[in-house]
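Worksheet: the structure to be examined is printed underneath.
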Amino acid sequence: MQQHTVQQLEGGPRSGKYVYTGGNRRIGRYVECCAEPYLTVMASPAEERDACPAWQDIGHDTAADAYAHMRTVLLAKLDLGGHLADWSGCTAPVGGRICDEPTKRIARIPPMHFQEPLCDKHRTQDTVEAMWDGPGDWSGSW
């Protein structure tokens with residue numbers, strides 16, 4: 001099972017900065033937000049890592065900033081074109097109730113961050129952003 005949470009970097013020029021990570025003791029931890037610059041740094045020869053310019057793009061001053069960045073990364077993967085095999089009611093909140101309009105369409109953030117049936121009117125980026133408070137901390141296997 002993998003755990004996903006914010007952690008502080010230790011060592012290197014960005015020590016103390018926060019990043020969103022995934023992984024476990026068996027496979028190790030990996031950076032999920034700020035991943036591209038981090039991979040650039042880690043691919044540099046050991047003697048050049050601390051001087052690598054990509055370090056300036058890794059990490060955040062607060063844990064809240066790291067969560068917000070990971071939210072942005074995941075919302076960029078939003079798929080508004082998913083289908084259900086059977087009918088369901090739209091789960092969008094509307095004026096203190098649920099829409100419940102019949103639909104076979106879903107909005108999802110893969111792999112398992114968000115998946116909700118939403119009607120044509122509510123299957124939008126704005127609706128998903130209002131409904132989903134993630135990513136937060138979570139554990140699971142896919």
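In the structure tokens, the first chain shown is A, the next is B, and so on; residue numbers restart at 1 for each chain, and ligands run from 1 in the order shown.
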
- Who sits within 9 Å of range 108-125 of chain A, only C-alpha atoms, same chain under 5 positions skipped, as number ranges by chain: A: 74-84, 88-92, 99-103, 130, 132, 134-135, 142

- Message: If DSSP is run on the backbone, what residues of chain A are strand (DSSP E or B)? A reply as an MDAnalysis selection string would be ideal.
- Response: chainID A and resid 2:8 18:24 28:31 60 79:89 93:94 97:98 102:109 114:117 138:140

Range 62-99 of chain A: residues DSSP assigns to helix (DSSP H, G or I), reported as a PDB file with C-alpha atoms, in the first residue's frame:
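Below is the file that was written, selection.pdb:
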ATOM      1  CA  ALA A  63       2.861  22.356   3.539  1.00  0.00           C
ATOM      2  CA  ALA A  64      -0.325  24.136   2.362  1.00  0.00           C
ATOM      3  CA  ASP A  65       1.533  25.381  -0.736  1.00  0.00           C
ATOM      4  CA  ALA A  66       2.684  21.811  -1.520  1.00  0.00           C
ATOM      5  CA  TYR A  67      -0.886  20.501  -1.205  1.00  0.00           C
ATOM      6  CA  ALA A  68      -2.124  23.333  -3.448  1.00  0.00           C
ATOM      7  CA  HIS A  69       0.530  22.569  -6.084  1.00  0.00           C
ATOM      8  CA  MET A  70      -0.382  18.862  -6.092  1.00  0.00           C
ATOM      9  CA  ARG A  71      -4.052  19.833  -6.464  1.00  0.00           C
ATOM     10  CA  THR A  72      -3.131  21.923  -9.527  1.00  0.00           C
ATOM     11  CA  VAL A  73      -1.092  19.037 -10.975  1.00  0.00           C
ATOM     12  CA  LEU A  74      -3.992  16.601 -10.528  1.00  0.00           C
ATOM     13  CA  LEU A  75      -6.681  18.994 -11.795  1.00  0.00           C
TER      14      LEU A  75
END

- Message: Set the distance at 10 Å and use only C-alpha atoms: which residues neighbour range 29-46 of chain A once local chain neighbours fewer than 6 positions away are removed? I'd like the list as number ranges by chain.
- Response: A: 2-7, 9, 18-23, 52-60, 66-74

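Computed from the coordinates, the CA of Gly12 in chain A to CA of Asp50 in chain A distance equals 6.1 Å.
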
- Message: as a ChimeraX atom specification, please: the residues near Met1 in chain A (cut-off 12 Å, only C-alpha atoms, same-chain neighbours under 6 positions excluded).
- Response: /A:22-28,138-142

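Atom to atom, CA of Gly11 in chain A and CA of Gly136 in chain A stand 24.8 Å apart.
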
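Ranking A:Arg105, A:Asp61, A:Asp137, A:Thr127 by their shortest atom-to-atom distance to Ser15 in chain A, with only C-alpha atoms included, puts A:Asp61 first.
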